[in-house]
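Peer 1: First the structure, which I've put down as structure tokens, then a few questions once you've had a look.
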Amino acid sequence: MHRRKFITLSAAIPASLALGASRVAAREAVRMRELYNPDGSFSDYALEMADKPVLLEGFMAPPLKAEWSFFVLTKIPMSVCPFCDNEADWPRDIVSIYARDIITVTPFNVPIEVEGTLKIGTYTDEKLGFVSRVRVVDAAHWRA
Amino acid sequence: MNRVARILLAGVSAASMTVPVVSQDLVQAESSWYTDADAKLQAMIDMQPNTGKAKNVILFVADGQGVGTNYAVRLFAGQLEGKLGEEHVLPYEEYPYTALIKTYNINAQTPDSAPTAGAMNSGIKQVFNTINLNENGRHDNCASEEGNKVTLFSEIASEMGKSVGVVSTARATHATPAAVYAKTANRNWEAAAPEGCTDIAVQAIDAMEAGTVDVLLAGGARNFYPAGTQTVHGGDSSRKDELNLVARAEEAGAQFVSDLAGLEAAAAGSPLLGLFTNSDMSYETERPETEPSVADMTVAAIKAMQGNEDGFYLMVEGGRVDHANHAGNANRAFMDGVAFAKAVAMADEMTNDEDTLIIVTADHEHAIAFNGYCGRGTPITGLCMGINADGVEHTGEPELADDGKPYSVVGYLNGAGSVLTEQADGSYFGTRPNVTQEEALDVDYLQQALIPMGSETHSGEDVASWAKGPWAHLLTGTQEQNYIFHVMNHAVSAE
């Protein structure tokens, strides 16, 4: 398992994004691909960390609209918005992020870290109509 | 040549002229480089063109694997086998006849996969984003299909009594497989088309019913199920109508399979329809064990059609080299290239050079390039390592650019790996990240690119073709892509 050492939140992180991040200070960021086994099932790590605080690495897919608290985390940069094209070949290994605040949009190809509580299991967002298998809720994010 | 030598040679038979008489006198003649090349020379001298009639034709297309990408796949494949890589030879690179292929479309310097595949299947260049319409076809214009549809090699082969097979790791309705059987003004009309035109999935099943396609093995199940239903893989249908195309194929006598076990258990013979995923099939890097590889599908297709005494035409596409290149992710592109090469090797083993024309090519290249003066054995997806002046293998020390940072061998001219990223004010600015070898070799690494684009682009650079079997010797030189059809057509028609 590849883990980037996550020592502490640096001064470069805006204070508004760092709120609550002390919960995961001194832990390691985990690549979001570690949540899945090759066959698409949840990994032991995902099962173990369900409903617990996690720190994930990935990329922010372009959100459909600004001033939103939701975005999709991808393991490699993807420029396609999942809502802009219903036919988009959206990969199975994505994570839905429900931020605790309006998100700061990060370009799709800039690595970010996301901290929050991991939720697993299929869930349909009634407002967005978006189906997800893995979510991080009450999340904060920043550039890696 | 001097006059004395010419007089001497004039009295020498052609056979004796083939002996490289002077090699023993050269100080380097004992070098394995020298003797290997000398053996190759003799093999080339001994080679005789095959002017027999082709019973079978197999056209292999590695989507987006032009000369540059193929070079990288060669090294990647060799390094997977523990070699330095540069010396490796992909199975089809041993074929006797090689050509460079010009891939442009009628109206595009940089081609897309639809008209390029159409060119190979129809003998004419076509219009960007259209499939198998003549030069009067207009992209996205349904009315322009009328009167402008062309005759396909699959139809010619069927007329001769041959079976026709289509294999792809992309969707069955994606551009390259579609070009074997479909005619459309828009390659994206995979599951729906404007009134008056027929979508590609329907055309696929029409072709199976008509017997112009006997085997179709690929991804893309979502385009074959009625609207509002789930596919055999549990995903939503993409269709807008009530057509159940899988049921139609089965009613026409087709066996339907949806995983590797089903494919392997399928009875010999055709028709055979296999739709193994909802959309494109998996990258080889993460293909589940239950999903067939491109080699598995190729073997199954040949087995299904081998019983036909009149032979077969099989088109096999490695469809996702292209997709990974678009993502700027060299690792997955090259691994799919390796899987494609295995499929070629399997097909070659199962067929006879005497009666089977095999052509291995690509539809187009990508904006891929190779950086630096790297030492032998530098991992092709990793950082460029220094040349070892006192040995063969690289130094293990990354070469540094003027910014003091290492760089990967592979780079893309544009794409998601761009070092220029969007800033808060909308401008693009950036500096090259300091990449470690561990990061560069990671399967998810995107090689650095220059121009920022969401998806890396194709390029108009030539692709290669490698050929063996009846009339393969016609496929040499620098040729237009549509010429490939003419070689296939001549090979099956020759008396």
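Each chain in the structure tokens gets a letter, A, B and so on, in the order shown; residues start at 1 in every chain, and ligands are counted from 1 in the order they appear.
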Select from region 32-280 of chain B everything DSSP, run on the backbone, classes as alpha helix (DSSP H), then give the selection as an MDAnalysis selection string.
Peer 2: chainID B and resid 32:46 67:80 113:122 153:159 175:181 200:210 245:251 260:265
Peer 1: Could you make a table, as JSON lines, of the residues of chain B that have an atom within 6 Å of an atom of chain A, each with its nearest atom pair and distance in Å to one decimal, counting only C-alpha atoms, in chain and number order?
Peer 2:
```
{"residue": "B:Pro288", "atom": "CA", "partner": "A:Asp39", "partner_atom": "CA", "distance": 5.6}
{"residue": "B:Glu422", "atom": "CA", "partner": "A:Pro107", "partner_atom": "CA", "distance": 6.0}
{"residue": "B:Gly454", "atom": "CA", "partner": "A:Ser79", "partner_atom": "CA", "distance": 4.9}
```
Peer 1: Since we have the selection now, will you write its residues out, keeping C-alpha atoms, as an mmCIF file, in the first residue's frame?
Peer 2:
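That gives us selection-v1.cif:
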```cif
data_model
loop_
_atom_site.group_PDB
_atom_site.id
_atom_site.type_symbol
_atom_site.label_atom_id
_atom_site.label_comp_id
_atom_site.auth_asym_id
_atom_site.auth_seq_id
_atom_site.Cartn_x
_atom_site.Cartn_y
_atom_site.Cartn_z
ATOM 1 C CA PRO B 288 -10.919 -9.189 -13.529
ATOM 2 C CA GLU B 422 -5.416 26.526 -13.996
ATOM 3 C CA GLY B 454 -8.606 17.456 -20.514
#
```
Peer 1: Would you mind reading off the distance between CA of Val137 (chain A) and CA of Ile103 (chain A), one decimal, in Å?
Peer 2: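 Value for the CA of Val137 (chain A)-CA of Ile103 (chain A) distance: 12.7 Å.
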Peer 1: Among the residues of region 266-368 of chain B, find those DSSP assigns to strand (DSSP E) from the backbone and print them as a PyMOL selection string.
Peer 2: chain B and resi 272-275+312-318+356-362+365-366+368
Peer 1: For the residues selected in the previous step, produce a file with C-alpha atoms as a PDB file, in the first residue's frame.
Peer 2:
```pdb
ATOM      1  CA  LEU B 272     -21.564 -15.900 -31.385  1.00  0.00           C
ATOM      2  CA  LEU B 273     -22.250 -12.685 -29.494  1.00  0.00           C
ATOM      3  CA  GLY B 274     -20.223 -11.813 -26.407  1.00  0.00           C
ATOM      4  CA  LEU B 275     -20.730  -8.558 -24.501  1.00  0.00           C
ATOM      5  CA  PHE B 312     -12.916 -16.041 -42.400  1.00  0.00           C
ATOM      6  CA  TYR B 313     -12.190 -12.337 -42.013  1.00  0.00           C
ATOM      7  CA  LEU B 314     -11.426 -11.344 -38.436  1.00  0.00           C
ATOM      8  CA  MET B 315     -10.755  -7.828 -37.201  1.00  0.00           C
ATOM      9  CA  VAL B 316      -9.244  -7.624 -33.719  1.00  0.00           C
ATOM     10  CA  GLU B 317      -8.898  -4.298 -31.967  1.00  0.00           C
ATOM     11  CA  GLY B 318      -6.805  -3.543 -28.924  1.00  0.00           C
ATOM     12  CA  THR B 356      -3.817 -16.717 -43.811  1.00  0.00           C
ATOM     13  CA  LEU B 357      -2.960 -13.076 -44.364  1.00  0.00           C
ATOM     14  CA  ILE B 358      -2.253 -11.369 -41.047  1.00  0.00           C
ATOM     15  CA  ILE B 359      -1.887  -7.588 -40.957  1.00  0.00           C
ATOM     16  CA  VAL B 360      -0.998  -5.826 -37.723  1.00  0.00           C
ATOM     17  CA  THR B 361      -1.385  -2.067 -37.681  1.00  0.00           C
ATOM     18  CA  ALA B 362      -2.871   0.902 -35.852  1.00  0.00           C
ATOM     19  CA  GLU B 365      -0.759   7.721 -33.303  1.00  0.00           C
ATOM     20  CA  HIS B 366      -0.933   9.989 -30.250  1.00  0.00           C
ATOM     21  CA  ILE B 368       3.483  10.971 -27.385  1.00  0.00           C
TER      22      ILE B 368
END
```
Peer 1: As a PDB file with N, CA and C atoms, in the first residue's frame, please: the residues near Tyr71 (chain B) (cut-off 12 Å, only C-alpha atoms, same-chain neighbours under 5 positions excluded).
Peer 2:
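Contents of the output file result01.pdb:
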```
ATOM      1  N   GLN B  65      -1.837   3.160 -31.428  1.00  0.00           N
ATOM      2  CA  GLN B  65      -0.491   2.635 -31.215  1.00  0.00           C
ATOM      3  C   GLN B  65       0.346   2.831 -32.470  1.00  0.00           C
ATOM      4  N   GLY B  66       0.696   4.076 -32.725  1.00  0.00           N
ATOM      5  CA  GLY B  66       1.555   4.386 -33.860  1.00  0.00           C
ATOM      6  C   GLY B  66       2.980   3.946 -33.601  1.00  0.00           C
ATOM      7  N   PHE B  76       8.505  -1.960 -23.054  1.00  0.00           N
ATOM      8  CA  PHE B  76       7.728  -2.338 -21.871  1.00  0.00           C
ATOM      9  C   PHE B  76       7.588  -3.863 -21.813  1.00  0.00           C
ATOM     10  N   ALA B  77       7.255  -4.466 -22.964  1.00  0.00           N
ATOM     11  CA  ALA B  77       7.096  -5.925 -23.027  1.00  0.00           C
ATOM     12  C   ALA B  77       8.413  -6.616 -22.700  1.00  0.00           C
ATOM     13  N   GLY B  78       9.498  -6.114 -23.250  1.00  0.00           N
ATOM     14  CA  GLY B  78      10.805  -6.707 -22.988  1.00  0.00           C
ATOM     15  C   GLY B  78      11.187  -6.579 -21.521  1.00  0.00           C
ATOM     16  N   GLY B  85      15.152  -4.325 -22.683  1.00  0.00           N
ATOM     17  CA  GLY B  85      13.948  -3.827 -23.351  1.00  0.00           C
ATOM     18  C   GLY B  85      14.162  -3.436 -24.798  1.00  0.00           C
ATOM     19  N   GLU B  86      15.240  -2.712 -25.063  1.00  0.00           N
ATOM     20  CA  GLU B  86      15.447  -2.182 -26.424  1.00  0.00           C
ATOM     21  C   GLU B  86      15.618  -3.304 -27.438  1.00  0.00           C
ATOM     22  N   GLU B  87      16.220  -4.415 -27.003  1.00  0.00           N
ATOM     23  CA  GLU B  87      16.507  -5.532 -27.904  1.00  0.00           C
ATOM     24  C   GLU B  87      15.280  -6.416 -28.159  1.00  0.00           C
ATOM     25  N   HIS B  88      14.227  -6.182 -27.418  1.00  0.00           N
ATOM     26  CA  HIS B  88      13.047  -7.051 -27.519  1.00  0.00           C
ATOM     27  C   HIS B  88      12.395  -6.925 -28.902  1.00  0.00           C
ATOM     28  N   VAL B  89      11.758  -7.983 -29.302  1.00  0.00           N
ATOM     29  CA  VAL B  89      11.035  -7.984 -30.577  1.00  0.00           C
ATOM     30  C   VAL B  89       9.603  -8.443 -30.298  1.00  0.00           C
ATOM     31  N   LEU B  90       8.635  -7.599 -30.599  1.00  0.00           N
ATOM     32  CA  LEU B  90       7.237  -8.000 -30.448  1.00  0.00           C
ATOM     33  C   LEU B  90       6.900  -9.046 -31.504  1.00  0.00           C
ATOM     34  N   GLU B  93       6.603  -7.959 -35.003  1.00  0.00           N
ATOM     35  CA  GLU B  93       7.757  -7.253 -35.569  1.00  0.00           C
ATOM     36  C   GLU B  93       8.688  -8.210 -36.309  1.00  0.00           C
ATOM     37  N   PHE B 334       0.666   0.914 -22.331  1.00  0.00           N
ATOM     38  CA  PHE B 334       1.664  -0.073 -22.764  1.00  0.00           C
ATOM     39  C   PHE B 334       1.249  -1.483 -22.340  1.00  0.00           C
ATOM     40  N   GLY B 337      -0.992  -2.688 -24.797  1.00  0.00           N
ATOM     41  CA  GLY B 337      -0.221  -3.024 -25.993  1.00  0.00           C
ATOM     42  C   GLY B 337       0.388  -4.412 -25.892  1.00  0.00           C
ATOM     43  N   VAL B 338       0.833  -4.770 -24.701  1.00  0.00           N
ATOM     44  CA  VAL B 338       1.397  -6.105 -24.480  1.00  0.00           C
ATOM     45  C   VAL B 338       0.305  -7.164 -24.647  1.00  0.00           C
ATOM     46  N   GLU B 365      -1.706   7.563 -34.412  1.00  0.00           N
ATOM     47  CA  GLU B 365      -0.759   7.721 -33.303  1.00  0.00           C
ATOM     48  C   GLU B 365      -1.301   8.766 -32.336  1.00  0.00           C
ATOM     49  N   ILE B 368       2.522  11.552 -28.320  1.00  0.00           N
ATOM     50  CA  ILE B 368       3.483  10.971 -27.385  1.00  0.00           C
ATOM     51  C   ILE B 368       4.891  11.238 -27.913  1.00  0.00           C
ATOM     52  N   ALA B 369       5.839  11.450 -27.005  1.00  0.00           N
ATOM     53  CA  ALA B 369       7.226  11.684 -27.418  1.00  0.00           C
ATOM     54  C   ALA B 369       8.155  11.138 -26.347  1.00  0.00           C
ATOM     55  N   PHE B 370       9.432  11.121 -26.662  1.00  0.00           N
ATOM     56  CA  PHE B 370      10.415  10.466 -25.789  1.00  0.00           C
ATOM     57  C   PHE B 370      11.558  11.425 -25.483  1.00  0.00           C
ATOM     58  N   ILE B 380      10.763   2.108 -19.271  1.00  0.00           N
ATOM     59  CA  ILE B 380      10.172   2.998 -20.273  1.00  0.00           C
ATOM     60  C   ILE B 380       9.065   3.873 -19.696  1.00  0.00           C
ATOM     61  N   VAL B 410       8.940   9.015 -21.230  1.00  0.00           N
ATOM     62  CA  VAL B 410       7.750   9.326 -22.023  1.00  0.00           C
ATOM     63  C   VAL B 410       7.204  10.689 -21.620  1.00  0.00           C
ATOM     64  N   VAL B 463       1.581   5.470 -38.746  1.00  0.00           N
ATOM     65  CA  VAL B 463       1.617   4.214 -38.003  1.00  0.00           C
ATOM     66  C   VAL B 463       2.341   3.215 -38.895  1.00  0.00           C
ATOM     67  N   ALA B 464       2.659   2.054 -38.330  1.00  0.00           N
ATOM     68  CA  ALA B 464       3.296   1.003 -39.123  1.00  0.00           C
ATOM     69  C   ALA B 464       2.279  -0.085 -39.440  1.00  0.00           C
TER      70      ALA B 464
END
```
Peer 1: Please provide as a ChimeraX atom specification all residues within 8 Å of Tyr45 (chain A), with the sequence filter that same-chain residues fewer than 4 positions apart are discarded (counting only C-alpha atoms).
Peer 2: /A:34-35,49
Peer 1: Could you tell me how far CA of Ala210 (chain B) lies from CA of Glu190 (chain B), in Å and to one decimal?
Peer 2: 19.2 Å
Peer 1: I want to know what sits within 12 Å of Met350 (chain B), based on only C-alpha atoms, with residues of the same chain fewer than 6 positions away left out; could you give that as a PyMOL selection string?
Peer 2: chain B and resi 56+58+295+298-303+305-306+343-344+356+358
Peer 1: When you look at region 113-124 of chain A with a cut-off of 8 Å (counting only C-alpha atoms), what residues show up, excluding the ones that are within fewer than 5 positions of it in the same chain? I need them as a PyMOL selection string.
Peer 2: chain A and resi 21+24+29+46-47+49-58+129-144
Peer 1: Do a neighbour search on region 234-246 of chain B at 6 Å with only C-alpha atoms, toss out local chain neighbours closer than 4 positions, and write the hits as a PyMOL selection string.
Peer 2: chain B and resi 191+222-227+229-230
Peer 1: Hey, can you spit out that residue selection with C-alpha atoms as a compact mmCIF listing (two decimals), in the first residue's frame?
Peer 2:
```txt
# COMPACT_ATOMS: atom_id res chain seq x y z
CA ALA B 191 -27.37 3.40 -29.14
CA ARG B 222 -25.51 -1.22 -22.36
CA ASN B 223 -26.21 -0.40 -26.01
CA PHE B 224 -28.00 -3.70 -26.66
CA TYR B 225 -30.71 -3.77 -23.98
CA PRO B 226 -34.14 -2.05 -23.96
CA ALA B 227 -34.46 1.38 -22.40
CA THR B 229 -33.74 -2.18 -18.19
CA GLN B 230 -30.53 -3.46 -16.69
```
Peer 1: Point out the residue among B:Gly307, B:Leu450, B:Cys384, B:Thr285 with the least atom-to-atom distance to Gly269 (chain B), counting only C-alpha atoms.
Peer 2: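 Counting only C-alpha atoms, the residue closest to Gly269 (chain B) is B:Gly307.
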Peer 1: What is the distance between CA of Asp322 (chain B) and CA of Asp63 (chain B), in Å to one decimal?
Peer 2: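 These two atoms are separated by 5.2 Å.
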